[in-house]
Amino acid sequence: MTVQEFAAQLQSFIDRHDRIILSGHIRPDGDSIGSCVALGLELERQGKHPMIYYEGDISRYGWVQQTLPVLDENGLCKATRGRFAWIMLDCAEPARTGEAAVCADLAEETLCIDHHVIKNEYANFNWIRSEATSTSEVLYELFKVMEYPISKEVAVALFTGIAFDTGGFRHSSMTPQVFHMAGELAATGLDITQIMNGLFHTKKFIEEKVMSVILRKAKMYNGKIILSAMEGKDFLSVGASSDDCEGAVAQLAEVEEAEAAVFLRELQPDLIRVNLRSKHFVDVAQVARAFGGGGHVRAAGCTIAEPMLLAQQMILAELKKQLPEEH
C-alpha cells in the first residue's frame, strides 16, 4: 500500500466517525504524546470530537498543548459506552495501551499508525512504517500528503515526537529528510530550546538521586555491555518509585566503552522491565524479541517475568551472542 492509498483510508475513516478515542502505549513518551496531540488537533479542526487516553504521567511534557479532552479511567469507561472509533498511535498492540485495550472490542472501527516492527496487525486499518524514526514522522508525512495545515501547536507536538525518538537528532536513523522535516516544523515559530531542554536537560531532583544509584550499581561485561538494575528496595532507599528513572538507559549508553546498554527495573516481584540501547552492531530489537518484546535495532525493550538476577543473566546471555568472539 502506498502512502497516498493509506491517506485516503485515513480520511475516509475520519469522515465516518464523530467521536474518536486516541491512545498510545503505557508510560507515554514524547512520541506517543506528540502523535496523539497532533492527530487530535487535526481531528478537532475537521469538526470531530477527539478524546485522548494516556496511561501514565504526562506532566513533564507541559509545553505540548493539552486543550483536547483527556480521559482518566472513569472517563474512558463512559466514553466507550456510546458509538466511537479508536486510533492507536506509536503502538500497534492493544495490550500495550493499558486500560484502553477495551476499545479493541468496543469500537466501531479501529486504526493504527506506528513505526515499530510488529508480528501481527490488530486494527482494521494499519499504517506501520518501521523504517521511520518516529510515529510523529509518519504523521508529518501523512499530513503533507493530505494537505492538512500544520499549525504551530501541531508542529510543537510533531517536533517533540521526532526529537524524542531520535535522541535529540543523534540516532543513526537520522537522514537529511528528517532534518528537513524538523526545519519545516521549526519554521512555524516553535521554541526549540524549550522543547530540547524539556526533553533532555531537565530532571526532577528525585530522578537525579535515582540516577546516582543507577550509576553506582552499573557494571561492565565483556568490556562492551554496561548494565545496571534497580529493585524495589533500591528505589525506596532514596524515596523514589520505579517511574523515577526517565532516560536511565540513554545515560548508561553514553559510556564510551559500551556498545550496548541495559537497564532493568523491578515493576513488582518477579516482573522486570528491560530497556536496551546499542551504538554500532548489536541489534537490541532481536534481543528484546527473544523475550516477547520489540523495538528498533538501536533501541528496544521487553518485560521478563522472572526474578531480577535471572532476568539479568538471560539478557546478558542473549546480548553476548552478538559480540565478536574473543581470541
# chains A, B, ... in the order shown; residues from 1 in each chain; ligands from 1
$ residues_around --residues "stretch 16-21 of chain A" --least-positions-apart "2" --cutoff "8 Å" --atoms "only C-alpha atoms" --output "PyMOL selection string"
chain A and resi 12-14+23+48-53+83-87
$ write_last_selection --atoms "C-alpha atoms" --output "PDB file, in the first residue's frame"
ATOM      1  CA  SER A  12     -12.479   8.048   4.922  1.00  0.00           C
ATOM      2  CA  PHE A  13     -12.137   6.704   8.486  1.00  0.00           C
ATOM      3  CA  ILE A  14     -12.239  10.246   9.877  1.00  0.00           C
ATOM      4  CA  SER A  23      -4.293   6.322  22.736  1.00  0.00           C
ATOM      5  CA  LYS A  48     -14.705  15.846  15.116  1.00  0.00           C
ATOM      6  CA  HIS A  49     -14.702  15.092  18.848  1.00  0.00           C
ATOM      7  CA  PRO A  50     -11.335  13.531  19.730  1.00  0.00           C
ATOM      8  CA  MET A  51     -10.501  12.267  23.217  1.00  0.00           C
ATOM      9  CA  ILE A  52      -7.069  11.138  24.394  1.00  0.00           C
ATOM     10  CA  TYR A  53      -6.350   8.431  26.951  1.00  0.00           C
ATOM     11  CA  ARG A  83     -20.540   4.902  19.453  1.00  0.00           C
ATOM     12  CA  PHE A  84     -16.881   5.685  18.833  1.00  0.00           C
ATOM     13  CA  ALA A  85     -13.815   4.789  16.794  1.00  0.00           C
ATOM     14  CA  TRP A  86     -10.348   4.071  18.180  1.00  0.00           C
ATOM     15  CA  ILE A  87      -6.935   5.062  16.868  1.00  0.00           C
TER      16      ILE A  87
END
$ select_by_dssp --residues "stretch 100-259 of chain A" --states "strand (DSSP E or B)" --output "ChimeraX atom specification"
/A:110-114,125-128,219-221,225-230
$ residues_around --residues "A:Glu42" --least-positions-apart "2" --cutoff "10 Å" --atoms "only C-alpha atoms" --output "PyMOL selection string"
chain A and resi 37-40+44-48+50+143+148-151+154
$ write_last_selection --atoms "C-alpha atoms" --output "tab-separated table (two decimals), in the first residue's frame"
chain	number	residue	atom	x	y	z
A	37	VAL	CA	-1.93	15.56	20.28
A	38	ALA	CA	-1.04	16.31	16.65
A	39	LEU	CA	-3.70	14.00	15.24
A	40	GLY	CA	-6.20	15.05	17.91
A	44	GLU	CA	-10.77	18.83	16.08
A	45	ARG	CA	-10.06	21.13	13.11
A	46	GLN	CA	-12.23	18.85	11.00
A	47	GLY	CA	-15.13	19.22	13.44
A	48	LYS	CA	-14.70	15.85	15.12
A	50	PRO	CA	-11.33	13.53	19.73
A	143	PHE	CA	-0.35	15.45	6.86
A	148	TYR	CA	-3.51	19.34	6.21
A	149	PRO	CA	-2.33	22.70	7.57
A	150	ILE	CA	0.37	22.39	10.23
A	151	SER	CA	-0.25	25.00	12.89
A	154	VAL	CA	0.62	20.77	15.78
$ closest_residue --among "A:Tyr61, A:Ser136, A:Glu207, A:Lys217" --to "A:Ala182" --atoms "only C-alpha atoms"
A:Ser136
$ select_by_dssp --residues "stretch 172-323 of chain A" --states "alpha helix (DSSP H)" --output "PyMOL selection string"
chain A and resi 176-186+192-200+205-217+232-236+248-252+284-289+308-320
$ residues_around --residues "A:Ser173" --least-positions-apart "4" --cutoff "12 Å" --atoms "only C-alpha atoms" --output "VMD selection string"
chain A and resid 130 to 134 137 162 to 163 165 to 169 177 to 179 279 to 280 296 to 299
$ write_last_selection --atoms "C-alpha atoms" --output "PDB file, in the first residue's frame"
ATOM      1  CA  SER A 130       9.173   0.564  10.671  1.00  0.00           C
ATOM      2  CA  GLU A 131      11.877   2.476   8.782  1.00  0.00           C
ATOM      3  CA  ALA A 132      10.644   5.822  10.157  1.00  0.00           C
ATOM      4  CA  THR A 133      12.316   7.467  13.149  1.00  0.00           C
ATOM      5  CA  SER A 134       9.012   8.032  14.957  1.00  0.00           C
ATOM      6  CA  GLU A 137       7.449  11.497  11.390  1.00  0.00           C
ATOM      7  CA  ILE A 162      10.616  13.362  16.342  1.00  0.00           C
ATOM      8  CA  ALA A 163      13.188  14.914  18.677  1.00  0.00           C
ATOM      9  CA  ASP A 165      12.614   9.283  19.341  1.00  0.00           C
ATOM     10  CA  THR A 166      15.821  10.371  17.596  1.00  0.00           C
ATOM     11  CA  GLY A 167      17.549  11.102  20.909  1.00  0.00           C
ATOM     12  CA  GLY A 168      17.800  14.774  20.013  1.00  0.00           C
ATOM     13  CA  PHE A 169      18.576  14.087  16.329  1.00  0.00           C
ATOM     14  CA  GLN A 177      14.923  14.286   5.058  1.00  0.00           C
ATOM     15  CA  VAL A 178      14.271  14.173   8.794  1.00  0.00           C
ATOM     16  CA  PHE A 179      16.413  17.276   9.353  1.00  0.00           C
ATOM     17  CA  LYS A 279      25.600   2.012  19.121  1.00  0.00           C
ATOM     18  CA  HIS A 280      27.028   0.158  16.138  1.00  0.00           C
ATOM     19  CA  HIS A 296      14.273  -0.895  16.892  1.00  0.00           C
ATOM     20  CA  VAL A 297      17.795  -2.039  16.079  1.00  0.00           C
ATOM     21  CA  ARG A 298      19.318   0.599  18.376  1.00  0.00           C
ATOM     22  CA  ALA A 299      16.534   0.960  20.982  1.00  0.00           C
TER      23      ALA A 299
END
$ closest_residue --among "A:His116, A:Val102, A:Ser35, A:Gln66" --to "A:Leu89" --atoms "only C-alpha atoms"
A:Ser35
$ residues_around --residues "A:Glu246" --least-positions-apart "5" --cutoff "10 Å" --atoms "only C-alpha atoms" --output "number ranges by chain"
A: 29, 200, 203-204, 207-208, 210-211, 251
$ write_last_selection --atoms "C-alpha atoms" --output "tab-separated table (two decimals), in the first residue's frame"
chain	number	residue	atom	x	y	z
A	29	ASP	CA	6.82	9.29	25.98
A	200	PHE	CA	16.84	16.01	27.52
A	203	LYS	CA	15.27	16.34	35.58
A	204	LYS	CA	13.42	16.30	38.86
A	207	GLU	CA	15.29	11.48	39.30
A	208	GLU	CA	18.86	12.70	39.77
A	210	VAL	CA	17.82	7.67	41.40
A	211	MET	CA	20.35	8.14	38.60
A	251	GLN	CA	22.66	7.86	30.07
